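Participant: Structure file protein_16.cif (mmCIF, C-alpha atoms) right here:
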```cif
data_query
loop_
_atom_site.group_PDB
_atom_site.id
_atom_site.type_symbol
_atom_site.label_atom_id
_atom_site.label_comp_id
_atom_site.auth_asym_id
_atom_site.auth_seq_id
_atom_site.Cartn_x
_atom_site.Cartn_y
_atom_site.Cartn_z
ATOM 1 C CA MET A 186 71.325 -31.970 -21.271
ATOM 2 C CA SER A 187 69.104 -30.312 -23.803
ATOM 3 C CA LEU A 188 67.064 -33.493 -24.029
ATOM 4 C CA ARG A 189 66.226 -33.243 -20.347
ATOM 5 C CA SER A 190 65.324 -29.585 -20.588
ATOM 6 C CA ALA A 191 63.005 -30.428 -23.471
ATOM 7 C CA ARG A 192 61.071 -32.484 -20.953
ATOM 8 C CA THR A 193 60.688 -29.620 -18.522
ATOM 9 C CA THR A 194 57.011 -29.172 -17.789
ATOM 10 C CA PRO A 195 55.733 -25.598 -18.033
ATOM 11 C CA SER A 196 54.811 -24.100 -14.674
ATOM 12 C CA TYR A 197 51.191 -23.858 -13.600
ATOM 13 C CA GLY A 198 51.434 -20.075 -13.800
ATOM 14 C CA SER A 199 52.525 -20.044 -17.423
ATOM 15 C CA LEU A 200 49.846 -22.597 -18.342
ATOM 16 C CA LEU A 201 47.166 -20.658 -16.472
ATOM 17 C CA LEU A 202 48.099 -17.413 -18.217
ATOM 18 C CA ARG A 203 47.748 -19.093 -21.608
ATOM 19 C CA GLY A 204 44.492 -20.721 -20.600
ATOM 20 C CA LEU A 205 43.020 -17.358 -19.578
ATOM 21 C CA LEU A 206 44.187 -15.755 -22.842
ATOM 22 C CA ALA A 207 42.825 -18.647 -24.915
ATOM 23 C CA GLY A 208 39.560 -18.307 -22.997
ATOM 24 C CA LEU A 209 39.348 -14.606 -23.774
ATOM 25 C CA ILE A 210 39.887 -15.274 -27.494
ATOM 26 C CA ALA A 211 37.400 -18.156 -27.543
ATOM 27 C CA GLY A 212 34.855 -16.161 -25.526
ATOM 28 C CA LEU A 213 34.989 -13.209 -27.891
ATOM 29 C CA LEU A 214 34.647 -15.487 -30.952
ATOM 30 C CA ALA A 215 31.707 -17.245 -29.299
ATOM 31 C CA GLY A 216 30.267 -13.782 -28.669
ATOM 32 C CA VAL A 217 30.539 -12.955 -32.372
ATOM 33 C CA PHE A 218 28.768 -16.198 -33.249
ATOM 34 C CA ALA A 219 26.096 -15.577 -30.621
ATOM 35 C CA TYR A 220 25.584 -12.000 -31.789
ATOM 36 C CA ALA A 221 25.245 -13.034 -35.427
ATOM 37 C CA THR A 222 22.952 -16.017 -34.874
ATOM 38 C CA GLY A 223 21.189 -15.399 -31.574
ATOM 39 C CA GLU A 224 20.413 -11.717 -31.082
ATOM 40 C CA SER A 225 17.604 -11.503 -33.643
ATOM 41 C CA ARG A 226 16.004 -14.544 -31.959
ATOM 42 C CA ILE A 227 16.244 -12.958 -28.525
ATOM 43 C CA ASP A 228 14.655 -9.783 -29.901
ATOM 44 C CA ALA A 229 11.816 -11.825 -31.401
ATOM 45 C CA ALA A 230 11.307 -13.739 -28.148
ATOM 46 C CA ILE A 231 11.283 -10.527 -26.079
ATOM 47 C CA ALA A 232 8.634 -9.095 -28.413
ATOM 48 C CA ILE A 233 6.492 -12.163 -27.743
ATOM 49 C CA GLU A 234 7.145 -11.857 -23.997
ATOM 50 C CA GLU A 235 6.100 -8.204 -23.980
ATOM 51 C CA ALA A 236 3.019 -8.846 -26.080
ATOM 52 C CA ALA A 237 1.993 -11.539 -23.609
ATOM 53 C CA ALA A 238 2.609 -9.188 -20.665
ATOM 54 C CA HIS A 239 0.507 -6.463 -22.289
ATOM 55 C CA ALA A 240 -2.288 -8.914 -23.012
ATOM 56 C CA ALA A 241 -2.249 -10.113 -19.406
ATOM 57 C CA ALA A 242 -2.353 -6.602 -17.934
ATOM 58 C CA PRO A 243 -3.608 -4.127 -20.542
ATOM 59 C CA GLY A 244 -3.966 -1.319 -17.981
ATOM 60 C CA ALA A 245 -0.313 -1.471 -17.054
ATOM 61 C CA ALA A 246 0.753 -0.942 -20.643
ATOM 62 C CA ASP A 247 0.876 2.834 -20.440
ATOM 63 C CA ASP A 248 2.324 3.074 -16.962
ATOM 64 C CA GLY A 249 5.673 3.098 -18.631
ATOM 65 C CA HIS A 250 6.531 -0.486 -19.388
ATOM 66 C CA HIS A 251 10.187 0.431 -19.532
ATOM 67 C CA ASP A 252 10.353 1.520 -15.921
ATOM 68 C CA GLU A 253 13.070 -0.155 -13.887
ATOM 69 C CA GLU A 254 14.838 -1.186 -17.057
ATOM 70 C CA LEU A 255 18.405 -1.151 -15.776
ATOM 71 C CA VAL A 256 20.089 -1.951 -19.046
ATOM 72 C CA SER A 257 18.749 -1.108 -22.495
ATOM 73 C CA ARG A 258 18.508 -3.733 -25.216
ATOM 74 C CA THR A 259 21.523 -2.119 -26.890
ATOM 75 C CA GLY A 260 23.403 -2.408 -23.610
ATOM 76 C CA GLN A 261 22.450 -6.058 -23.320
ATOM 77 C CA LYS A 262 23.727 -6.738 -26.819
ATOM 78 C CA GLY A 263 27.073 -5.247 -25.843
ATOM 79 C CA GLY A 264 26.883 -7.137 -22.565
ATOM 80 C CA LEU A 265 26.649 -10.332 -24.585
ATOM 81 C CA PHE A 266 30.326 -9.989 -25.481
ATOM 82 C CA LEU A 267 31.234 -9.257 -21.868
ATOM 83 C CA ALA A 268 29.300 -12.352 -20.783
ATOM 84 C CA THR A 269 30.892 -14.721 -23.298
ATOM 85 C CA ALA A 270 34.365 -13.203 -22.732
ATOM 86 C CA LEU A 271 34.163 -13.540 -18.926
ATOM 87 C CA TYR A 272 32.717 -17.039 -19.239
ATOM 88 C CA GLY A 273 35.448 -17.932 -21.748
ATOM 89 C CA VAL A 274 38.165 -16.635 -19.417
ATOM 90 C CA ALA A 275 36.736 -18.707 -16.553
ATOM 91 C CA MET A 276 36.533 -21.839 -18.696
ATOM 92 C CA GLY A 277 40.002 -21.222 -20.156
ATOM 93 C CA GLY A 278 41.497 -20.987 -16.678
ATOM 94 C CA LEU A 279 39.689 -24.137 -15.625
ATOM 95 C CA LEU A 280 40.914 -25.953 -18.753
ATOM 96 C CA ALA A 281 44.506 -24.922 -17.988
ATOM 97 C CA THR A 282 44.030 -26.053 -14.378
ATOM 98 C CA ALA A 283 42.594 -29.400 -15.488
ATOM 99 C CA TYR A 284 45.480 -29.764 -17.934
ATOM 100 C CA THR A 285 48.022 -29.117 -15.186
ATOM 101 C CA LEU A 286 46.464 -31.623 -12.827
ATOM 102 C CA LEU A 287 45.559 -34.327 -15.358
ATOM 103 C CA ARG A 288 48.303 -34.145 -18.011
ATOM 104 C CA ARG A 289 50.224 -37.128 -16.739
ATOM 105 C CA ARG A 290 47.070 -39.236 -16.612
ATOM 106 C CA LEU A 291 46.273 -38.571 -20.262
ATOM 107 C CA ARG A 292 47.966 -41.377 -22.111
ATOM 108 C CA THR A 293 49.255 -39.523 -25.123
ATOM 109 C CA PRO A 294 52.703 -38.152 -25.870
ATOM 110 C CA SER A 295 51.102 -35.220 -27.710
ATOM 111 C CA ASP A 296 50.283 -32.159 -25.628
ATOM 112 C CA THR A 297 47.975 -30.962 -28.387
ATOM 113 C CA ARG A 298 45.939 -34.155 -28.245
ATOM 114 C CA ALA A 299 45.838 -33.936 -24.463
ATOM 115 C CA VAL A 300 44.317 -30.432 -24.745
ATOM 116 C CA PHE A 301 41.864 -31.540 -27.438
ATOM 117 C CA GLY A 302 40.860 -34.479 -25.282
ATOM 118 C CA LEU A 303 40.122 -32.252 -22.288
ATOM 119 C CA ALA A 304 38.257 -29.674 -24.383
ATOM 120 C CA ALA A 305 36.203 -32.421 -26.030
ATOM 121 C CA ALA A 306 35.431 -33.897 -22.611
ATOM 122 C CA ALA A 307 34.213 -30.474 -21.459
ATOM 123 C CA LEU A 308 32.158 -29.992 -24.613
ATOM 124 C CA VAL A 309 30.412 -33.318 -24.090
ATOM 125 C CA GLY A 310 30.050 -33.033 -20.306
ATOM 126 C CA ILE A 311 29.226 -29.346 -19.906
ATOM 127 C CA VAL A 312 27.375 -28.662 -23.170
ATOM 128 C CA LEU A 313 26.022 -31.712 -25.005
ATOM 129 C CA VAL A 314 24.813 -33.829 -22.079
ATOM 130 C CA PRO A 315 23.008 -30.876 -20.416
ATOM 131 C CA PHE A 316 21.579 -29.792 -23.780
ATOM 132 C CA GLY A 317 19.922 -33.189 -24.219
ATOM 133 C CA LYS A 318 18.052 -32.807 -20.932
ATOM 134 C CA TYR A 319 17.648 -29.060 -20.469
ATOM 135 C CA PRO A 320 18.117 -27.277 -23.807
ATOM 136 C CA ALA A 321 18.652 -23.522 -23.781
ATOM 137 C CA ASN A 322 15.527 -21.378 -23.711
ATOM 138 C CA PRO A 323 14.903 -17.913 -25.128
ATOM 139 C CA PRO A 324 13.163 -15.173 -23.124
ATOM 140 C CA ALA A 325 9.383 -15.787 -22.783
ATOM 141 C CA VAL A 326 10.035 -19.485 -22.186
ATOM 142 C CA GLY A 327 10.281 -20.534 -18.565
ATOM 143 C CA ASP A 328 8.221 -19.930 -15.448
ATOM 144 C CA PRO A 329 9.998 -17.476 -13.096
ATOM 145 C CA ALA A 330 8.487 -19.345 -10.145
ATOM 146 C CA THR A 331 10.542 -22.454 -10.936
ATOM 147 C CA ILE A 332 13.876 -20.739 -11.633
ATOM 148 C CA ASN A 333 15.537 -22.128 -8.491
ATOM 149 C CA GLN A 334 14.571 -25.741 -9.199
ATOM 150 C CA ARG A 335 15.611 -25.342 -12.841
ATOM 151 C CA THR A 336 18.952 -23.863 -11.850
ATOM 152 C CA ILE A 337 19.685 -26.683 -9.396
ATOM 153 C CA ALA A 338 18.623 -29.274 -11.974
ATOM 154 C CA TRP A 339 20.818 -27.644 -14.620
ATOM 155 C CA VAL A 340 23.894 -27.556 -12.370
ATOM 156 C CA SER A 341 23.201 -31.203 -11.494
ATOM 157 C CA ILE A 342 23.141 -32.272 -15.130
ATOM 158 C CA VAL A 343 26.421 -30.414 -15.790
ATOM 159 C CA VAL A 344 28.036 -32.325 -12.912
ATOM 160 C CA ILE A 345 26.484 -35.580 -14.166
ATOM 161 C CA GLY A 346 27.772 -34.835 -17.680
ATOM 162 C CA LEU A 347 31.332 -34.501 -16.377
ATOM 163 C CA VAL A 348 30.965 -37.625 -14.236
ATOM 164 C CA ALA A 349 29.671 -39.482 -17.323
ATOM 165 C CA VAL A 350 32.769 -38.534 -19.330
ATOM 166 C CA TRP A 351 34.959 -39.622 -16.438
ATOM 167 C CA ALA A 352 33.048 -42.918 -16.206
ATOM 168 C CA GLY A 353 33.629 -43.443 -19.927
ATOM 169 C CA VAL A 354 37.378 -42.961 -19.524
ATOM 170 C CA VAL A 355 37.524 -45.299 -16.520
ATOM 171 C CA ALA A 356 35.523 -47.926 -18.423
ATOM 172 C CA ALA A 357 37.799 -47.632 -21.453
ATOM 173 C CA ARG A 358 40.790 -48.383 -19.266
ATOM 174 C CA ALA A 359 39.149 -51.230 -17.374
ATOM 175 C CA PRO A 360 39.781 -54.125 -19.850
ATOM 176 C CA ARG A 361 43.082 -55.972 -19.406
ATOM 177 C CA SER A 362 46.040 -54.608 -21.314
ATOM 178 C CA GLY A 363 46.105 -55.907 -24.857
ATOM 179 C CA ALA A 364 42.332 -55.845 -25.139
ATOM 180 C CA PRO A 365 41.183 -54.831 -28.639
ATOM 181 C CA GLU A 366 40.441 -51.170 -29.196
ATOM 182 C CA TRP A 367 36.806 -51.775 -30.171
ATOM 183 C CA LEU A 368 36.232 -53.348 -26.777
ATOM 184 C CA ARG A 369 37.635 -50.270 -25.027
ATOM 185 C CA ALA A 370 35.471 -48.007 -27.163
ATOM 186 C CA ALA A 371 32.386 -50.083 -26.392
ATOM 187 C CA ALA A 372 33.185 -50.056 -22.681
ATOM 188 C CA ALA A 373 33.686 -46.280 -22.775
ATOM 189 C CA LEU A 374 30.355 -45.773 -24.513
ATOM 190 C CA ALA A 375 28.569 -48.059 -22.056
ATOM 191 C CA GLY A 376 30.090 -46.360 -19.015
ATOM 192 C CA PHE A 377 29.218 -42.930 -20.362
ATOM 193 C CA LEU A 378 25.653 -43.851 -21.361
ATOM 194 C CA VAL A 379 24.827 -45.558 -18.054
ATOM 195 C CA VAL A 380 25.636 -42.384 -16.100
ATOM 196 C CA VAL A 381 23.833 -40.118 -18.590
ATOM 197 C CA ALA A 382 20.749 -42.379 -18.555
ATOM 198 C CA ILE A 383 20.641 -42.372 -14.748
ATOM 199 C CA GLY A 384 20.886 -38.588 -14.724
ATOM 200 C CA TYR A 385 18.220 -38.128 -17.387
ATOM 201 C CA VAL A 386 15.805 -40.450 -15.596
ATOM 202 C CA LEU A 387 16.348 -39.123 -12.074
ATOM 203 C CA LEU A 388 16.268 -35.397 -12.812
ATOM 204 C CA PRO A 389 12.860 -33.771 -13.248
ATOM 205 C CA THR A 390 11.511 -33.097 -16.721
ATOM 206 C CA VAL A 391 10.990 -29.412 -17.490
ATOM 207 C CA ASP A 392 8.695 -28.288 -20.263
ATOM 208 C CA GLU A 393 7.614 -24.702 -19.823
ATOM 209 C CA VAL A 394 7.362 -23.712 -23.478
ATOM 210 C CA PRO A 395 4.081 -21.817 -23.919
ATOM 211 C CA ALA A 396 1.770 -23.507 -26.411
ATOM 212 C CA ALA A 397 1.687 -20.368 -28.556
ATOM 213 C CA PHE A 398 5.467 -19.951 -28.736
ATOM 214 C CA PRO A 399 6.656 -20.378 -32.369
ATOM 215 C CA ALA A 400 8.366 -23.754 -32.770
ATOM 216 C CA SER A 401 10.724 -22.494 -35.457
ATOM 217 C CA LEU A 402 11.911 -19.629 -33.230
ATOM 218 C CA LEU A 403 12.575 -22.053 -30.380
ATOM 219 C CA TRP A 404 14.519 -24.325 -32.738
ATOM 220 C CA THR A 405 16.678 -21.580 -34.246
ATOM 221 C CA PHE A 406 17.373 -20.085 -30.819
ATOM 222 C CA ARG A 407 18.468 -23.443 -29.425
ATOM 223 C CA LEU A 408 20.660 -24.038 -32.463
ATOM 224 C CA ALA A 409 22.253 -20.599 -31.967
ATOM 225 C CA SER A 410 22.882 -21.385 -28.296
ATOM 226 C CA LEU A 411 24.397 -24.770 -29.109
ATOM 227 C CA GLY A 412 26.560 -23.188 -31.808
ATOM 228 C CA THR A 413 27.758 -20.528 -29.370
ATOM 229 C CA GLN A 414 28.919 -23.110 -26.876
ATOM 230 C CA VAL A 415 30.447 -25.402 -29.502
ATOM 231 C CA THR A 416 32.331 -22.368 -30.849
ATOM 232 C CA LEU A 417 33.567 -21.529 -27.366
ATOM 233 C CA TRP A 418 34.974 -24.978 -26.579
ATOM 234 C CA THR A 419 36.353 -25.655 -30.066
ATOM 235 C CA MET A 420 38.150 -22.325 -30.186
ATOM 236 C CA LEU A 421 39.295 -22.708 -26.579
ATOM 237 C CA GLY A 422 40.858 -26.084 -27.356
ATOM 238 C CA LEU A 423 42.532 -24.791 -30.505
ATOM 239 C CA ALA A 424 43.789 -21.555 -28.955
ATOM 240 C CA PHE A 425 45.124 -23.209 -25.802
ATOM 241 C CA ALA A 426 46.838 -25.935 -27.845
ATOM 242 C CA ALA A 427 48.399 -23.288 -30.099
ATOM 243 C CA LEU A 428 49.679 -21.191 -27.177
ATOM 244 C CA LEU A 429 50.982 -24.322 -25.461
ATOM 245 C CA HIS A 430 52.791 -25.364 -28.629
ATOM 246 C CA ARG A 431 54.534 -21.997 -28.794
ATOM 247 C CA LEU A 432 55.481 -22.294 -25.131
ATOM 248 C CA ARG A 433 56.865 -25.799 -25.581
ATOM 249 C CA ARG A 434 58.847 -24.688 -28.586
ATOM 250 C CA ASP A 435 60.381 -21.813 -26.657
ATOM 251 C CA VAL A 436 61.338 -23.736 -23.518
ATOM 252 C CA PRO A 437 64.153 -25.946 -24.908
ATOM 253 C CA ALA A 438 65.721 -23.043 -26.748
ATOM 254 C CA GLU A 439 65.845 -20.939 -23.578
ATOM 255 C CA ALA A 440 67.117 -23.808 -21.483
ATOM 256 C CA GLU A 441 69.837 -24.528 -24.007
ATOM 257 C CA ALA A 442 70.929 -20.927 -24.029
ATOM 258 C CA VAL A 443 71.252 -21.048 -20.250
ATOM 259 C CA ALA A 444 73.164 -24.338 -20.421
ATOM 260 C CA VAL A 445 75.670 -22.890 -22.856
ATOM 261 C CA MET B 206 51.850 -39.489 -37.272
ATOM 262 C CA SER B 207 53.345 -36.766 -39.370
ATOM 263 C CA ASN B 208 54.189 -34.499 -36.455
ATOM 264 C CA LEU B 209 56.286 -37.108 -34.730
ATOM 265 C CA SER B 210 59.494 -35.337 -35.658
ATOM 266 C CA ASN B 211 58.691 -32.050 -33.923
ATOM 267 C CA THR B 212 57.050 -33.589 -30.872
ATOM 268 C CA PRO B 213 59.461 -33.954 -27.968
ATOM 269 C CA SER B 214 59.725 -37.583 -26.962
ATOM 270 C CA VAL B 215 57.712 -37.065 -23.797
ATOM 271 C CA ARG B 216 55.936 -40.206 -22.752
ATOM 272 C CA PRO B 217 53.049 -39.846 -20.309
ATOM 273 C CA LEU B 218 54.994 -41.537 -17.551
ATOM 274 C CA ASP B 219 57.790 -38.984 -17.951
ATOM 275 C CA GLN B 220 55.474 -36.241 -16.760
ATOM 276 C CA PRO B 221 56.417 -35.229 -13.228
ATOM 277 C CA ALA B 222 53.896 -35.585 -10.437
ATOM 278 C CA VAL B 223 51.997 -32.480 -9.405
ATOM 279 C CA SER B 224 53.470 -31.001 -6.231
ATOM 280 C CA ALA B 225 51.306 -30.242 -3.206
ATOM 281 C CA ARG B 226 51.963 -26.536 -3.662
ATOM 282 C CA VAL B 227 50.660 -26.570 -7.238
ATOM 283 C CA LEU B 228 47.687 -28.627 -6.073
ATOM 284 C CA TRP B 229 46.681 -26.036 -3.464
ATOM 285 C CA THR B 230 47.269 -23.145 -5.831
ATOM 286 C CA ALA B 231 45.158 -24.893 -8.436
ATOM 287 C CA ALA B 232 42.383 -25.429 -5.894
ATOM 288 C CA GLY B 233 42.400 -21.735 -4.971
ATOM 289 C CA VAL B 234 42.549 -20.499 -8.557
ATOM 290 C CA GLY B 235 39.899 -23.024 -9.583
ATOM 291 C CA SER B 236 37.545 -21.687 -6.902
ATOM 292 C CA LEU B 237 38.063 -18.118 -8.102
ATOM 293 C CA LEU B 238 37.353 -19.179 -11.694
ATOM 294 C CA LEU B 239 34.180 -20.962 -10.595
ATOM 295 C CA LEU B 240 33.159 -17.766 -8.807
ATOM 296 C CA LEU B 241 33.689 -15.855 -12.061
ATOM 297 C CA ALA B 242 31.531 -18.388 -13.920
ATOM 298 C CA TYR B 243 28.909 -18.030 -11.159
ATOM 299 C CA LEU B 244 28.992 -14.265 -11.612
ATOM 300 C CA VAL B 245 28.146 -14.636 -15.299
ATOM 301 C CA ALA B 246 25.673 -17.480 -14.977
ATOM 302 C CA PHE B 247 23.701 -16.898 -11.785
ATOM 303 C CA ASP B 248 24.581 -13.834 -9.741
ATOM 304 C CA GLN B 249 21.732 -11.459 -8.994
ATOM 305 C CA GLY B 250 23.692 -8.922 -6.983
ATOM 306 C CA ALA B 251 24.781 -11.026 -4.016
ATOM 307 C CA VAL B 252 28.363 -11.281 -5.275
ATOM 308 C CA SER B 253 28.688 -8.337 -7.638
ATOM 309 C CA GLN B 254 27.088 -5.939 -5.104
ATOM 310 C CA GLY B 255 25.761 -3.919 -8.019
ATOM 311 C CA GLY B 256 22.145 -4.857 -7.618
ATOM 312 C CA MET B 257 20.667 -6.404 -10.736
ATOM 313 C CA TYR B 258 22.806 -4.260 -13.045
ATOM 314 C CA LEU B 259 25.373 -6.929 -13.943
ATOM 315 C CA HIS B 260 22.642 -9.566 -14.135
ATOM 316 C CA GLU B 261 20.732 -7.500 -16.685
ATOM 317 C CA LEU B 262 23.872 -6.559 -18.609
ATOM 318 C CA LEU B 263 24.822 -10.213 -19.055
ATOM 319 C CA HIS B 264 21.228 -11.270 -19.849
ATOM 320 C CA ASP B 265 21.681 -12.203 -23.522
ATOM 321 C CA GLY B 266 24.901 -14.085 -22.909
ATOM 322 C CA ARG B 267 23.252 -16.148 -20.197
ATOM 323 C CA HIS B 268 20.431 -17.204 -22.516
ATOM 324 C CA LEU B 269 22.807 -18.087 -25.343
ATOM 325 C CA LEU B 270 25.180 -19.958 -23.044
ATOM 326 C CA GLY B 271 22.255 -22.192 -22.136
ATOM 327 C CA VAL B 272 21.940 -21.140 -18.488
ATOM 328 C CA PRO B 273 18.400 -21.194 -17.083
ATOM 329 C CA CYS B 274 17.134 -17.617 -16.788
ATOM 330 C CA HIS B 275 13.767 -16.308 -15.651
#
```
Once you've parsed the file, please lay out its structure as structure tokens.
Facilitator:
Amino acid sequence: MSLRSARTTPSYGSLLLRGLLAGLIAGLLAGVFAYATGESRIDAAIAIEEAAAHAAAPGAADDGHHDEELVSRTGQKGGLFLATALYGVAMGGLLATAYTLLRRRLRTPSDTRAVFGLAAAALVGIVLVPFGKYPANPPAVGDPATINQRTIAWVSIVVIGLVAVWAGVVAARAPRSGAPEWLRAAAALAGFLVVVAIGYVLLPTVDEVPAAFPASLLWTFRLASLGTQVTLWTMLGLAFAALLHRLRRDVPAEAEAVAV
Amino acid sequence: MSNLSNTPSVRPLDQPAVSARVLWTAAGVGSLLLLLAYLVAFDQGAVSQGGMYLHELLHDGRHLLGVPCH
């Protein structure tokens, strides 16, 4: 009897709640990383942006450049944590939802590995694949006139990244049963790379970095952005797996108590 | 695997199918979560109804999360 209750799957609601909580934790930690590594770079980039604006329109400099500034720089630095926390909560809920829908298709008896697999898939599909085509840009980089095209292209590469991961999984499972593991790995890599290559070739190239923008600042900013997102997904995977483990551990005990 | 002892012997095929009710709930919740992500990543007042205030407040996070921004 207790063996059957040990197999009881947690409800979607209880999974979702833990996903949202894990997302909040991961988002705040990503915010700490972003604050520590990225804020000084954003400040430096904004200084360059403002210097360029002043050079372009010297007369406008004294008209109160800070007019219409809705949120101060200090406010934006606090808003950073709100942004990463909200984003983390959204991604945590989506991870829990994906886990609920896909758990039985993930061929591992370990719930922890199932979570890690999904988080790794998201990291590759949502972060790494897009970063290869459209890396993050600091303020002062990017032409406001092309923001709509760039946004559509960026969303497209995120979708393509997720499709590429899916294609890799499908390819890994395509060889007949009993096929050697290296063959499955090679098939997965091929399936993934074909989709990524198609996406990279078809989507437009964007290079709007001003010639005078410091290369080292661009590099450190992009590294900070990448680190922020890697932190978010790593911590999200760990936190969700940990909360799920606690849930799993509690379920049989409760069920047994009821049975007795 | 060292953790074999404390892992319940759940094989993938033992996992129950997802019911239609859970599927619809998941679709609804998933849409709301995507809307939340949209709010952080792209909204310029159309959803938040607060003008550009939220957009500006979340400015740094957007840049560091790799979302295209101005």
Participant: Pick the closest to chain B from A:Ser410, A:Ser401, A:Ser225, A:Ser199: which is it, counting only C-alpha atoms?
Facilitator: A:Ser410
Participant: Counting all atoms listed in the file, find residues at most 8 Å from (28.7, -36.0, -15.6) (file frame) and give them as a ChimeraX atom specification.
Facilitator: /A:310-311,314,342-351,380-381
Participant: Which is closer to Asp296 (chain A) than all the others in A:Gly273, A:Val391, A:Leu201, A:Tyr284, using only C-alpha atoms?
Facilitator: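 Closest to Asp296 (chain A) of all the choices is A:Tyr284.
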Participant: Please provide as a VMD selection string all residues within 12 Å of region 255-261 of chain B, with the sequence filter that same-chain residues fewer than 5 positions apart are discarded (counting all atoms listed in the file).
Facilitator: (chain A and resid 253 to 265 267 to 268) or (chain B and resid 243 to 250 266 to 268 274 to 275)
Participant: Check which residues satisfy the PyMOL selection byres ((chain A and resi 322-325) around 12) in the file shown, then give them as a ChimeraX atom specification.
Facilitator: /A:223-238,316,319-321,326-329,335,391-400,402-411 /B:264-275
Participant: CA of Arg288 (chain A) and CA of Ala382 (chain A), how far apart in Å?
Facilitator: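 Between CA of Ala382 (chain A) and CA of Arg288 (chain A) the gap works out to 28.8 Å.
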